[in-house]
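Below: the structure, in structure tokens.
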Amino acid sequence: MTFDVDLFVIGGGSGGVRAARIAASEGGARVALAEEYRMGGTCVIRGCVPKKLMVYASAFPAQIEDARAYGWDVTGGDFSWPAFRTALDKELIRLENAYRSGLVNAGVTIHPSRAVVEDAHTVRLADGQRITAKHILIATGGRPFVPQIPGADLALTSNDVFLLDALPASVLIVGGGFIACEFACILHGLGVQVTLAYRGEQVLRGFDDEARGHVADAMTARGIDIHCHSDITALERTADGIRATATGGAGGTYDAVLYATGRKPNTDGLGLGALGIGLGSNGEVLVDDYSQTAVPSIYAVGDVTDRIALTPVAIREGHAFADTVFKGQVRKADHELVASAVFTQPELGTVGLTEAAAAAQEPIEVYVATFRPMQTLFAGRQDRALFKLVVSQATRRVLGCHIVAPGAGEMIQLAAIAIKMGATKEDFDRTVAVHPTIAEELVTMKSPVRRVGNA
Ligand code: NDP
């Protein structure tokens with residue numbers, strides 16, 4: 001049987017674009033890709049990239065304050081959201097074009113259209129056109145999820161923040177994960193009065209308990225009003241703003257309410273269920289280690305599979321798929337020891353096991369250092385950094401590393417290489433410190449603060 005193309009990719013985000021490019025340029029495949037919105041997907045258009053630029057923008061007030069402590073005669077002036085947004089929009093257009101030209105240069109045909117799957121080898125575009133493909137890759141990503149409470153339509157999501165005409169004076173952020181904590185710090189830095197409502201015991205569930213407590217304390221010290229054990233039961237527009245009814249203290253009237261209560265895979269209406277492709281409880285496409293679905297010609301990568309919802313992971317999955325199917329190099333994406341960073345202020349960088357997870361697995365030693373970094377201490381700040389290593393008593397391998405400090409995202413990337421290589425605590429110890437840096441604490445922690453489950 002002949003097909004119109006060898007590969008049809010649905011979704012122009014990180015995973016889909018990488019797979020399309022490698023299949024076409026290195027695998028010699030005839031590739032088409034459909035994207036219904038803007039090329040680049042969540043990461044480039046409404047996620048990592050604009051978020052990180054907002055993180056940079058939001059850090060200046062504190063830096064200007066600190067500059068005065070260092071002898072500079074400076075004042076900050078006002079932040080212009082419209083000026084920032086104009087510059088941001090220009091940068092996103094540049095990146096979007098770079099993604100598009102990367103595909104075109106690789107020989108990929110782009111369809112600026114929604115596409116759905118009709119059968120194991122056919123996709124249908126919004127205008128009714130049908131294209132047959134030897135392989136189909138679902139890379140449609142995810143979207144913010146807002147629980148259905150009365151007034152839910154009044155809530156903003158992270159998608160909306162980048163498109164606001166003006167910043168609100170006050171905001172209630174609902175949720176306690178990556179997005180909630182990052183936007184709490186960003187908006188606070190930009191001068192917005194921030195209240196955060198989280199339903200559980202402590203924000204950043206899933207991260208190391210000591211590290212998440214440290215971040216929460218730092219956020220509170222900076223002036224973010226965090227309410228744990230708080231659930232929002234209704235939203236209502238009033239003359240003064242949006243009134244939030246809540247259990248647990250976060251109730252009140254705010255200029256805006258931002259929901260950051262998780263994300264759902266984009267599988268609605270794609271036609272997958274009818275083909276016998278399994279969907280999980282969150283709507284995710286079920287795939288095997290090679291990103292293959294129950295229909296052998298159809299694969300899925302990235303957030304739509306709800307494995308690890310991070311751009312670099314989606315890229316690795318897309319690349320492994322293209323190598324396997326189009327280059328004859330059969331391989332799986334590696335989901336072990338994936339480092340990540342939460343861009344709060346201060347940042348949280350993490351790789352490997354939390355103390356609790358490691359202790360459940362085997363006897364461990366825990367090394368912790370907390371201190372006030374030289375740069376901000378000089379400026380009179382009380383900010384503390386936290387470095388933590390979780391070490392196996394039996395093998396001496398570093399099982400987990402957790403850093404809360406300015407630049408933790410950069411530091412954890414480097415620590416992750418050593419940990420991925422299987423470094424032991426003694427390997428860290430025999431590495432000479434770079435002085436004076438914050439990161440030198442990684443190699444100067446002498447004695448464990450505790451041993452858990454002694455061997
Ligand atoms: P997360 O899963 O990180 O957090 C969701 C939060 O919403 C949790 O605190 C959760 O509470 C809460 N929640 C869920 N449902 C409800 C509900 N019905 N009512 C009240 N609260 C609720 O999702 P995010 O949306 O923050 O981020 C999605 C993913 O995107 C992340 O997991 C991450 O993989 C990725 N991401 C990565 C970033 C980075 O690398 N820096 C930045 C941003 C996103 P509970 O803990 O109780 O379940």
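Chain labels A, B, ... are given in the sequence in which chains occur in the structure tokens; within each chain residues are numbered consecutively from 1, and ligands are likewise numbered from 1 in the order shown.
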Residues within 8 Å of ligand 1 should be enumerated using only C-alpha atoms and all ligand atoms and returned as an mmCIF file with N, CA, C and O atoms, in the first residue's frame.
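Just written: pocket_3.cif:
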data_model
loop_
_atom_site.group_PDB
_atom_site.id
_atom_site.type_symbol
_atom_site.label_atom_id
_atom_site.label_comp_id
_atom_site.auth_asym_id
_atom_site.auth_seq_id
_atom_site.Cartn_x
_atom_site.Cartn_y
_atom_site.Cartn_z
ATOM 1 N N GLY A 47 4.321 28.914 27.771
ATOM 2 C CA GLY A 47 4.869 28.142 28.883
ATOM 3 C C GLY A 47 6.269 28.587 29.234
ATOM 4 O O GLY A 47 6.507 29.757 29.520
ATOM 5 N N CYS A 48 7.192 27.626 29.169
ATOM 6 C CA CYS A 48 8.563 27.829 29.671
ATOM 7 C C CYS A 48 9.193 29.141 29.237
ATOM 8 O O CYS A 48 9.759 29.864 30.064
ATOM 9 N N PRO A 144 -4.575 23.703 30.377
ATOM 10 C CA PRO A 144 -4.876 23.876 31.799
ATOM 11 C C PRO A 144 -6.245 23.295 32.137
ATOM 12 O O PRO A 144 -7.178 23.354 31.330
ATOM 13 N N PHE A 145 -6.310 22.738 33.359
ATOM 14 C CA PHE A 145 -7.574 22.180 33.845
ATOM 15 C C PHE A 145 -8.086 23.079 34.975
ATOM 16 O O PHE A 145 -7.335 23.443 35.879
ATOM 17 N N VAL A 146 -9.369 23.455 34.904
ATOM 18 C CA VAL A 146 -9.989 24.248 35.973
ATOM 19 C C VAL A 146 -11.163 23.452 36.527
ATOM 20 O O VAL A 146 -12.051 23.053 35.765
ATOM 21 N N PRO A 147 -11.180 23.165 37.847
ATOM 22 C CA PRO A 147 -12.300 22.403 38.404
ATOM 23 C C PRO A 147 -13.626 23.143 38.228
ATOM 24 O O PRO A 147 -13.641 24.384 38.235
ATOM 25 N N VAL A 174 -4.802 29.762 42.673
ATOM 26 C CA VAL A 174 -5.318 28.519 43.237
ATOM 27 C C VAL A 174 -4.454 27.365 42.723
ATOM 28 O O VAL A 174 -4.267 27.225 41.510
ATOM 29 N N GLY A 175 -3.935 26.552 43.655
ATOM 30 C CA GLY A 175 -3.062 25.439 43.293
ATOM 31 C C GLY A 175 -1.730 25.612 44.007
ATOM 32 O O GLY A 175 -1.407 26.709 44.486
ATOM 33 N N GLY A 176 -0.969 24.521 44.074
ATOM 34 C CA GLY A 176 0.308 24.598 44.785
ATOM 35 C C GLY A 176 1.433 23.915 44.040
ATOM 36 O O GLY A 176 2.424 23.531 44.644
ATOM 37 N N GLY A 177 1.292 23.751 42.718
ATOM 38 C CA GLY A 177 2.318 23.054 41.938
ATOM 39 C C GLY A 177 3.305 24.020 41.304
ATOM 40 O O GLY A 177 3.464 25.171 41.733
ATOM 41 N N PHE A 178 3.985 23.520 40.268
ATOM 42 C CA PHE A 178 4.974 24.316 39.535
ATOM 43 C C PHE A 178 4.401 25.678 39.142
ATOM 44 O O PHE A 178 4.983 26.715 39.429
ATOM 45 N N ILE A 179 3.279 25.632 38.424
ATOM 46 C CA ILE A 179 2.782 26.861 37.789
ATOM 47 C C ILE A 179 2.285 27.841 38.845
ATOM 48 O O ILE A 179 2.565 29.049 38.774
ATOM 49 N N ALA A 180 1.565 27.345 39.850
ATOM 50 C CA ALA A 180 1.040 28.226 40.895
ATOM 51 C C ALA A 180 2.190 28.949 41.605
ATOM 52 O O ALA A 180 2.153 30.178 41.793
ATOM 53 N N CYS A 181 3.211 28.205 42.001
ATOM 54 C CA CYS A 181 4.309 28.810 42.774
ATOM 55 C C CYS A 181 5.146 29.742 41.905
ATOM 56 O O CYS A 181 5.573 30.812 42.362
ATOM 57 N N GLU A 182 5.383 29.337 40.651
ATOM 58 C CA GLU A 182 6.168 30.218 39.780
ATOM 59 C C GLU A 182 5.430 31.539 39.536
ATOM 60 O O GLU A 182 6.010 32.623 39.662
ATOM 61 N N TYR A 198 -3.896 26.718 48.548
ATOM 62 C CA TYR A 198 -3.546 25.339 48.207
ATOM 63 C C TYR A 198 -4.347 24.387 49.094
ATOM 64 O O TYR A 198 -4.424 24.589 50.314
ATOM 65 N N ARG A 199 -4.892 23.356 48.499
ATOM 66 C CA ARG A 199 -5.792 22.464 49.247
ATOM 67 C C ARG A 199 -5.067 21.551 50.230
ATOM 68 O O ARG A 199 -5.663 21.043 51.163
ATOM 69 N N GLY A 200 -3.799 21.306 50.030
ATOM 70 C CA GLY A 200 -3.069 20.324 50.840
ATOM 71 C C GLY A 200 -2.268 20.948 51.965
ATOM 72 O O GLY A 200 -2.438 22.108 52.328
ATOM 73 N N VAL A 203 2.770 23.337 49.785
ATOM 74 C CA VAL A 203 2.874 23.468 48.323
ATOM 75 C C VAL A 203 3.977 22.557 47.776
ATOM 76 O O VAL A 203 4.803 22.046 48.523
ATOM 77 N N LEU A 204 3.980 22.384 46.466
ATOM 78 C CA LEU A 204 5.000 21.613 45.745
ATOM 79 C C LEU A 204 5.048 20.151 46.181
ATOM 80 O O LEU A 204 6.127 19.585 46.424
ATOM 81 N N ARG A 205 3.873 19.557 46.284
ATOM 82 C CA ARG A 205 3.781 18.137 46.622
ATOM 83 C C ARG A 205 4.607 17.327 45.614
ATOM 84 O O ARG A 205 4.597 17.627 44.416
ATOM 85 N N GLY A 206 5.306 16.346 46.121
ATOM 86 C CA GLY A 206 6.123 15.509 45.230
ATOM 87 C C GLY A 206 7.596 15.887 45.306
ATOM 88 O O GLY A 206 8.455 15.067 45.008
ATOM 89 N N ASP A 231 -9.591 25.593 50.161
ATOM 90 C CA ASP A 231 -10.267 25.203 48.921
ATOM 91 C C ASP A 231 -11.196 26.321 48.497
ATOM 92 O O ASP A 231 -11.918 26.877 49.326
ATOM 93 N N ILE A 232 -11.220 26.626 47.217
ATOM 94 C CA ILE A 232 -12.130 27.656 46.712
ATOM 95 C C ILE A 232 -13.413 26.947 46.284
ATOM 96 O O ILE A 232 -13.369 26.005 45.489
ATOM 97 N N ALA A 260 -4.224 27.336 38.723
ATOM 98 C CA ALA A 260 -3.067 26.544 38.272
ATOM 99 C C ALA A 260 -3.222 25.179 38.920
ATOM 100 O O ALA A 260 -2.423 24.776 39.764
ATOM 101 N N THR A 261 -4.296 24.510 38.547
ATOM 102 C CA THR A 261 -4.692 23.264 39.207
ATOM 103 C C THR A 261 -4.435 22.048 38.315
ATOM 104 O O THR A 261 -5.227 21.119 38.256
ATOM 105 N N GLY A 262 -3.343 22.087 37.598
ATOM 106 C CA GLY A 262 -2.952 20.939 36.793
ATOM 107 C C GLY A 262 -3.346 21.089 35.337
ATOM 108 O O GLY A 262 -3.998 22.061 34.946
ATOM 109 N N ARG A 263 -2.918 20.091 34.553
ATOM 110 C CA ARG A 263 -3.167 20.139 33.109
ATOM 111 C C ARG A 263 -3.730 18.795 32.633
ATOM 112 O O ARG A 263 -3.507 17.770 33.258
ATOM 113 N N ILE A 308 6.200 12.347 31.910
ATOM 114 C CA ILE A 308 6.834 13.447 32.659
ATOM 115 C C ILE A 308 6.608 14.686 31.796
ATOM 116 O O ILE A 308 7.129 14.772 30.678
ATOM 117 N N ALA A 309 5.782 15.629 32.313
ATOM 118 C CA ALA A 309 5.343 16.763 31.483
ATOM 119 C C ALA A 309 6.406 17.867 31.457
ATOM 120 O O ALA A 309 6.240 18.937 32.027
ATOM 121 N N LEU A 310 7.524 17.575 30.804
ATOM 122 C CA LEU A 310 8.604 18.561 30.689
ATOM 123 C C LEU A 310 9.084 18.588 29.241
ATOM 124 O O LEU A 310 9.220 17.529 28.607
ATOM 125 N N THR A 311 9.369 19.790 28.728
ATOM 126 C CA THR A 311 9.818 19.936 27.345
ATOM 127 C C THR A 311 10.990 19.033 26.966
ATOM 128 O O THR A 311 10.937 18.338 25.949
ATOM 129 N N SER A 340 14.851 18.672 37.252
ATOM 130 C CA SER A 340 13.926 19.760 36.899
ATOM 131 C C SER A 340 14.135 20.928 37.853
ATOM 132 O O SER A 340 14.789 20.787 38.891
ATOM 133 N N ALA A 341 13.582 22.060 37.468
ATOM 134 C CA ALA A 341 13.706 23.257 38.302
ATOM 135 C C ALA A 341 12.371 23.963 38.366
ATOM 136 O O ALA A 341 11.645 24.030 37.370
ATOM 137 N N VAL A 342 12.047 24.450 39.540
ATOM 138 C CA VAL A 342 10.867 25.302 39.691
ATOM 139 C C VAL A 342 11.403 26.730 39.790
ATOM 140 O O VAL A 342 12.207 27.031 40.677
ATOM 141 N N PHE A 343 10.949 27.601 38.883
ATOM 142 C CA PHE A 343 11.522 28.948 38.835
ATOM 143 C C PHE A 343 10.788 29.904 39.768
ATOM 144 O O PHE A 343 10.271 30.937 39.365
#
TODO: Go through range 147-380 of chain A and collect every residue that DSSP, computed from the backbone, puts in strand (DSSP E); the answer should be as a PyMOL selection string.
DONE: chain A and resi 170-174+193-197+225-227+231-238+241-247+252-254+256-259+263-265+298-300+340-342+347-352+364-371
Task: Spatial neighbours of Val452 in chain A, max dist 10 Å, only C-alpha atoms, sep filter under 3 positions, as a ChimeraX atom specification - done: /A:355-356,358-360,362-366,392-393,455
For those residues, write all heavy atoms to a file as a PDB file, in the first residue's frame.
ATOM      1  N   GLU A 355      14.052  12.620  50.100  1.00  0.00           N
ATOM      2  CA  GLU A 355      14.504  11.879  51.290  1.00  0.00           C
ATOM      3  C   GLU A 355      13.502  10.782  51.624  1.00  0.00           C
ATOM      4  O   GLU A 355      13.883   9.635  51.897  1.00  0.00           O
ATOM      5  CB  GLU A 355      14.662  12.843  52.476  1.00  0.00           C
ATOM      6  CG  GLU A 355      15.089  12.121  53.740  1.00  0.00           C
ATOM      7  CD  GLU A 355      15.253  13.044  54.950  1.00  0.00           C
ATOM      8  OE1 GLU A 355      15.393  14.276  54.759  1.00  0.00           O
ATOM      9  OE2 GLU A 355      15.249  12.527  56.081  1.00  0.00           O
ATOM     10  N   ALA A 356      12.208  11.118  51.583  1.00  0.00           N
ATOM     11  CA  ALA A 356      11.178  10.143  51.968  1.00  0.00           C
ATOM     12  C   ALA A 356      11.184   8.939  51.021  1.00  0.00           C
ATOM     13  O   ALA A 356      11.115   7.786  51.464  1.00  0.00           O
ATOM     14  CB  ALA A 356       9.804  10.817  51.986  1.00  0.00           C
ATOM     15  N   ALA A 358      13.666   7.877  49.119  1.00  0.00           N
ATOM     16  CA  ALA A 358      14.911   7.117  49.264  1.00  0.00           C
ATOM     17  C   ALA A 358      14.872   6.268  50.535  1.00  0.00           C
ATOM     18  O   ALA A 358      15.276   5.097  50.533  1.00  0.00           O
ATOM     19  CB  ALA A 358      16.104   8.069  49.289  1.00  0.00           C
ATOM     20  N   ALA A 359      14.349   6.867  51.628  1.00  0.00           N
ATOM     21  CA  ALA A 359      14.301   6.141  52.904  1.00  0.00           C
ATOM     22  C   ALA A 359      13.359   4.950  52.815  1.00  0.00           C
ATOM     23  O   ALA A 359      13.559   3.935  53.506  1.00  0.00           O
ATOM     24  CB  ALA A 359      13.868   7.090  54.020  1.00  0.00           C
ATOM     25  N   ALA A 360      12.344   5.056  51.979  1.00  0.00           N
ATOM     26  CA  ALA A 360      11.416   3.930  51.808  1.00  0.00           C
ATOM     27  C   ALA A 360      12.076   2.798  51.033  1.00  0.00           C
ATOM     28  O   ALA A 360      11.640   1.652  51.080  1.00  0.00           O
ATOM     29  CB  ALA A 360      10.161   4.409  51.074  1.00  0.00           C
ATOM     30  N   GLU A 362      15.727   2.211  50.959  1.00  0.00           N
ATOM     31  CA  GLU A 362      16.938   1.636  51.557  1.00  0.00           C
ATOM     32  C   GLU A 362      17.456   2.550  52.662  1.00  0.00           C
ATOM     33  O   GLU A 362      17.047   3.718  52.749  1.00  0.00           O
ATOM     34  CB  GLU A 362      18.005   1.465  50.473  1.00  0.00           C
ATOM     35  CG  GLU A 362      18.439   2.778  49.837  1.00  0.00           C
ATOM     36  CD  GLU A 362      19.437   2.570  48.698  1.00  0.00           C
ATOM     37  OE1 GLU A 362      20.631   2.354  48.977  1.00  0.00           O
ATOM     38  OE2 GLU A 362      18.989   2.622  47.536  1.00  0.00           O
ATOM     39  N   PRO A 363      18.404   2.080  53.496  1.00  0.00           N
ATOM     40  CA  PRO A 363      19.002   2.953  54.509  1.00  0.00           C
ATOM     41  C   PRO A 363      19.803   4.083  53.854  1.00  0.00           C
ATOM     42  O   PRO A 363      20.560   3.842  52.901  1.00  0.00           O
ATOM     43  CB  PRO A 363      19.917   2.005  55.287  1.00  0.00           C
ATOM     44  CG  PRO A 363      19.396   0.630  55.013  1.00  0.00           C
ATOM     45  CD  PRO A 363      18.850   0.676  53.627  1.00  0.00           C
ATOM     46  N   ILE A 364      19.636   5.281  54.375  1.00  0.00           N
ATOM     47  CA  ILE A 364      20.273   6.455  53.737  1.00  0.00           C
ATOM     48  C   ILE A 364      20.976   7.345  54.758  1.00  0.00           C
ATOM     49  O   ILE A 364      20.732   7.247  55.965  1.00  0.00           O
ATOM     50  CB  ILE A 364      19.225   7.331  52.992  1.00  0.00           C
ATOM     51  CG1 ILE A 364      18.072   7.731  53.930  1.00  0.00           C
ATOM     52  CG2 ILE A 364      18.727   6.645  51.749  1.00  0.00           C
ATOM     53  CD1 ILE A 364      17.206   8.855  53.420  1.00  0.00           C
ATOM     54  N   GLU A 365      21.822   8.212  54.228  1.00  0.00           N
ATOM     55  CA  GLU A 365      22.374   9.330  54.985  1.00  0.00           C
ATOM     56  C   GLU A 365      21.894  10.607  54.326  1.00  0.00           C
ATOM     57  O   GLU A 365      21.777  10.664  53.097  1.00  0.00           O
ATOM     58  CB  GLU A 365      23.902   9.320  54.930  1.00  0.00           C
ATOM     59  CG  GLU A 365      24.554   8.314  55.839  1.00  0.00           C
ATOM     60  CD  GLU A 365      26.077   8.363  55.733  1.00  0.00           C
ATOM     61  OE1 GLU A 365      26.603   9.180  54.953  1.00  0.00           O
ATOM     62  OE2 GLU A 365      26.712   7.586  56.421  1.00  0.00           O
ATOM     63  N   VAL A 366      21.647  11.623  55.150  1.00  0.00           N
ATOM     64  CA  VAL A 366      21.156  12.900  54.617  1.00  0.00           C
ATOM     65  C   VAL A 366      22.143  14.004  55.000  1.00  0.00           C
ATOM     66  O   VAL A 366      22.504  14.142  56.178  1.00  0.00           O
ATOM     67  CB  VAL A 366      19.752  13.224  55.188  1.00  0.00           C
ATOM     68  CG1 VAL A 366      19.250  14.558  54.638  1.00  0.00           C
ATOM     69  CG2 VAL A 366      18.767  12.109  54.854  1.00  0.00           C
ATOM     70  N   SER A 392      22.927   6.800  49.568  1.00  0.00           N
ATOM     71  CA  SER A 392      22.716   5.398  49.949  1.00  0.00           C
ATOM     72  C   SER A 392      23.805   4.959  50.930  1.00  0.00           C
ATOM     73  O   SER A 392      24.995   5.137  50.656  1.00  0.00           O
ATOM     74  CB  SER A 392      22.777   4.517  48.694  1.00  0.00           C
ATOM     75  OG  SER A 392      22.987   3.169  49.066  1.00  0.00           O
ATOM     76  N   GLN A 393      23.401   4.383  52.050  1.00  0.00           N
ATOM     77  CA  GLN A 393      24.406   3.882  52.995  1.00  0.00           C
ATOM     78  C   GLN A 393      25.176   2.698  52.396  1.00  0.00           C
ATOM     79  O   GLN A 393      26.367   2.552  52.617  1.00  0.00           O
ATOM     80  CB  GLN A 393      23.727   3.428  54.300  1.00  0.00           C
ATOM     81  CG  GLN A 393      23.260   4.570  55.174  1.00  0.00           C
ATOM     82  CD  GLN A 393      22.793   4.070  56.536  1.00  0.00           C
ATOM     83  OE1 GLN A 393      23.206   3.025  57.023  1.00  0.00           O
ATOM     84  NE2 GLN A 393      21.919   4.842  57.170  1.00  0.00           N
ATOM     85  N   ALA A 455      21.812   0.609  58.272  1.00  0.00           N
ATOM     86  CA  ALA A 455      22.021  -0.739  57.737  1.00  0.00           C
ATOM     87  C   ALA A 455      22.629  -1.622  58.825  1.00  0.00           C
ATOM     88  O   ALA A 455      23.326  -1.139  59.693  1.00  0.00           O
ATOM     89  CB  ALA A 455      22.950  -0.662  56.544  1.00  0.00           C
TER      90      ALA A 455
END
TODO: Can you check which residues of range 326-402 of chain A DSSP gives as alpha helix (DSSP H) on the backbone and send them as an MDAnalysis selection string?
DONE: chainID A and resid 326 355:361 374:378
Those same residues, written as an mmCIF file, in the first residue's frame with N, CA and C atoms?
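Wrote out-v2.cif, looks like this:
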data_model
loop_
_atom_site.group_PDB
_atom_site.id
_atom_site.type_symbol
_atom_site.label_atom_id
_atom_site.label_comp_id
_atom_site.auth_asym_id
_atom_site.auth_seq_id
_atom_site.Cartn_x
_atom_site.Cartn_y
_atom_site.Cartn_z
ATOM 1 N N PHE A 326 12.436 5.511 11.915
ATOM 2 C CA PHE A 326 12.915 5.970 10.603
ATOM 3 C C PHE A 326 14.411 5.800 10.389
ATOM 4 N N GLU A 355 14.052 12.620 50.100
ATOM 5 C CA GLU A 355 14.504 11.879 51.290
ATOM 6 C C GLU A 355 13.502 10.782 51.624
ATOM 7 N N ALA A 356 12.208 11.118 51.583
ATOM 8 C CA ALA A 356 11.178 10.143 51.968
ATOM 9 C C ALA A 356 11.184 8.939 51.021
ATOM 10 N N ALA A 357 11.304 9.207 49.708
ATOM 11 C CA ALA A 357 11.280 8.098 48.741
ATOM 12 C C ALA A 357 12.527 7.233 48.888
ATOM 13 N N ALA A 358 13.666 7.877 49.119
ATOM 14 C CA ALA A 358 14.911 7.117 49.264
ATOM 15 C C ALA A 358 14.872 6.268 50.535
ATOM 16 N N ALA A 359 14.349 6.867 51.628
ATOM 17 C CA ALA A 359 14.301 6.141 52.904
ATOM 18 C C ALA A 359 13.359 4.950 52.815
ATOM 19 N N ALA A 360 12.344 5.056 51.979
ATOM 20 C CA ALA A 360 11.416 3.930 51.808
ATOM 21 C C ALA A 360 12.076 2.798 51.033
ATOM 22 N N GLN A 361 13.131 3.148 50.309
ATOM 23 C CA GLN A 361 13.795 2.170 49.441
ATOM 24 C C GLN A 361 14.953 1.470 50.133
ATOM 25 N N MET A 374 26.404 35.015 50.255
ATOM 26 C CA MET A 374 27.198 36.230 50.406
ATOM 27 C C MET A 374 26.570 37.447 49.698
ATOM 28 N N GLN A 375 26.099 37.220 48.472
ATOM 29 C CA GLN A 375 25.645 38.353 47.665
ATOM 30 C C GLN A 375 24.446 39.072 48.288
ATOM 31 N N THR A 376 23.468 38.288 48.750
ATOM 32 C CA THR A 376 22.272 38.927 49.302
ATOM 33 C C THR A 376 22.454 39.285 50.777
ATOM 34 N N LEU A 377 23.312 38.534 51.474
ATOM 35 C CA LEU A 377 23.609 38.873 52.864
ATOM 36 C C LEU A 377 24.216 40.275 52.938
ATOM 37 N N PHE A 378 25.126 40.577 52.023
ATOM 38 C CA PHE A 378 25.780 41.888 51.975
ATOM 39 C C PHE A 378 24.738 43.003 51.801
#
Open item on the list: For Ile403 in chain A, find every residue with an atom within 8 Å (counting only C-alpha atoms), except residues of its own chain fewer than 2 positions away, and show them as a list in words.
Closed with: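 Counting only the stated atoms, we get Ala211, Glu347, Leu348, Gly349, Thr350, Ala385, Leu386, Phe387, Lys388, Cys401, Ala405, Ala408 and Ile412 of chain A.
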Would you mind exporting the chosen residues as a JSON list (two decimals), in the first residue's frame, restricted to C-alpha atoms?
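Wrote selection_30.json, looks like this:
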[["chain", "number", "residue", "atom", "x", "y", "z"],
["A", 211, "ALA", "CA", 13.09, 21.75, 50.07],
["A", 347, "GLU", "CA", 14.62, 28.62, 42.57],
["A", 348, "LEU", "CA", 14.29, 24.95, 43.44],
["A", 349, "GLY", "CA", 16.43, 22.50, 41.49],
["A", 350, "THR", "CA", 15.99, 18.78, 42.00],
["A", 385, "ALA", "CA", 20.00, 28.77, 50.52],
["A", 386, "LEU", "CA", 19.49, 25.03, 51.04],
["A", 387, "PHE", "CA", 21.65, 22.22, 49.70],
["A", 388, "LYS", "CA", 20.70, 18.65, 50.38],
["A", 401, "CYS", "CA", 20.07, 16.28, 45.21],
["A", 405, "ALA", "CA", 19.10, 28.98, 45.89],
["A", 408, "ALA", "CA", 19.48, 26.40, 41.41],
["A", 412, "ILE", "CA", 21.12, 21.10, 39.25]]
- [ ] Would you mind listing what lies within 12 Å of Asn159 in chain A as a ChimeraX atom specification, with only C-alpha atoms counted and same-chain residues fewer than 3 positions away left out?
- [x] /A:41-48,50-51,142-145,155-156,162-164,179,183,258-260,263
Deliver the residues from the most recent selection as a file, using C-alpha atoms, as a PDB file, in the first residue's frame.
ATOM      1  CA  GLY A  41       3.537  24.632  21.374  1.00  0.00           C
ATOM      2  CA  THR A  42       3.126  25.232  25.085  1.00  0.00           C
ATOM      3  CA  CYS A  43       6.829  25.655  25.870  1.00  0.00           C
ATOM      4  CA  VAL A  44       7.481  28.405  23.349  1.00  0.00           C
ATOM      5  CA  ILE A  45       4.141  30.179  23.107  1.00  0.00           C
ATOM      6  CA  ARG A  46       2.514  29.955  26.556  1.00  0.00           C
ATOM      7  CA  GLY A  47       4.869  28.142  28.883  1.00  0.00           C
ATOM      8  CA  CYS A  48       8.563  27.829  29.671  1.00  0.00           C
ATOM      9  CA  PRO A  50       7.500  33.503  28.170  1.00  0.00           C
ATOM     10  CA  LYS A  51       7.388  32.372  31.822  1.00  0.00           C
ATOM     11  CA  GLY A 142      -2.028  19.446  27.157  1.00  0.00           C
ATOM     12  CA  ARG A 143      -4.139  22.325  28.404  1.00  0.00           C
ATOM     13  CA  PRO A 144      -4.876  23.876  31.799  1.00  0.00           C
ATOM     14  CA  PHE A 145      -7.574  22.180  33.845  1.00  0.00           C
ATOM     15  CA  ALA A 155     -10.828  32.211  36.404  1.00  0.00           C
ATOM     16  CA  LEU A 156      -7.732  32.927  34.355  1.00  0.00           C
ATOM     17  CA  PHE A 162       0.686  36.270  28.832  1.00  0.00           C
ATOM     18  CA  LEU A 163      -2.188  37.959  27.001  1.00  0.00           C
ATOM     19  CA  LEU A 164      -3.403  40.319  29.741  1.00  0.00           C
ATOM     20  CA  ILE A 179       2.782  26.861  37.789  1.00  0.00           C
ATOM     21  CA  PHE A 183       3.409  32.711  38.938  1.00  0.00           C
ATOM     22  CA  LEU A 258      -5.610  32.444  38.446  1.00  0.00           C
ATOM     23  CA  TYR A 259      -6.185  28.709  38.466  1.00  0.00           C
ATOM     24  CA  ALA A 260      -3.067  26.544  38.272  1.00  0.00           C
ATOM     25  CA  ARG A 263      -3.167  20.139  33.109  1.00  0.00           C
TER      26      ARG A 263
END
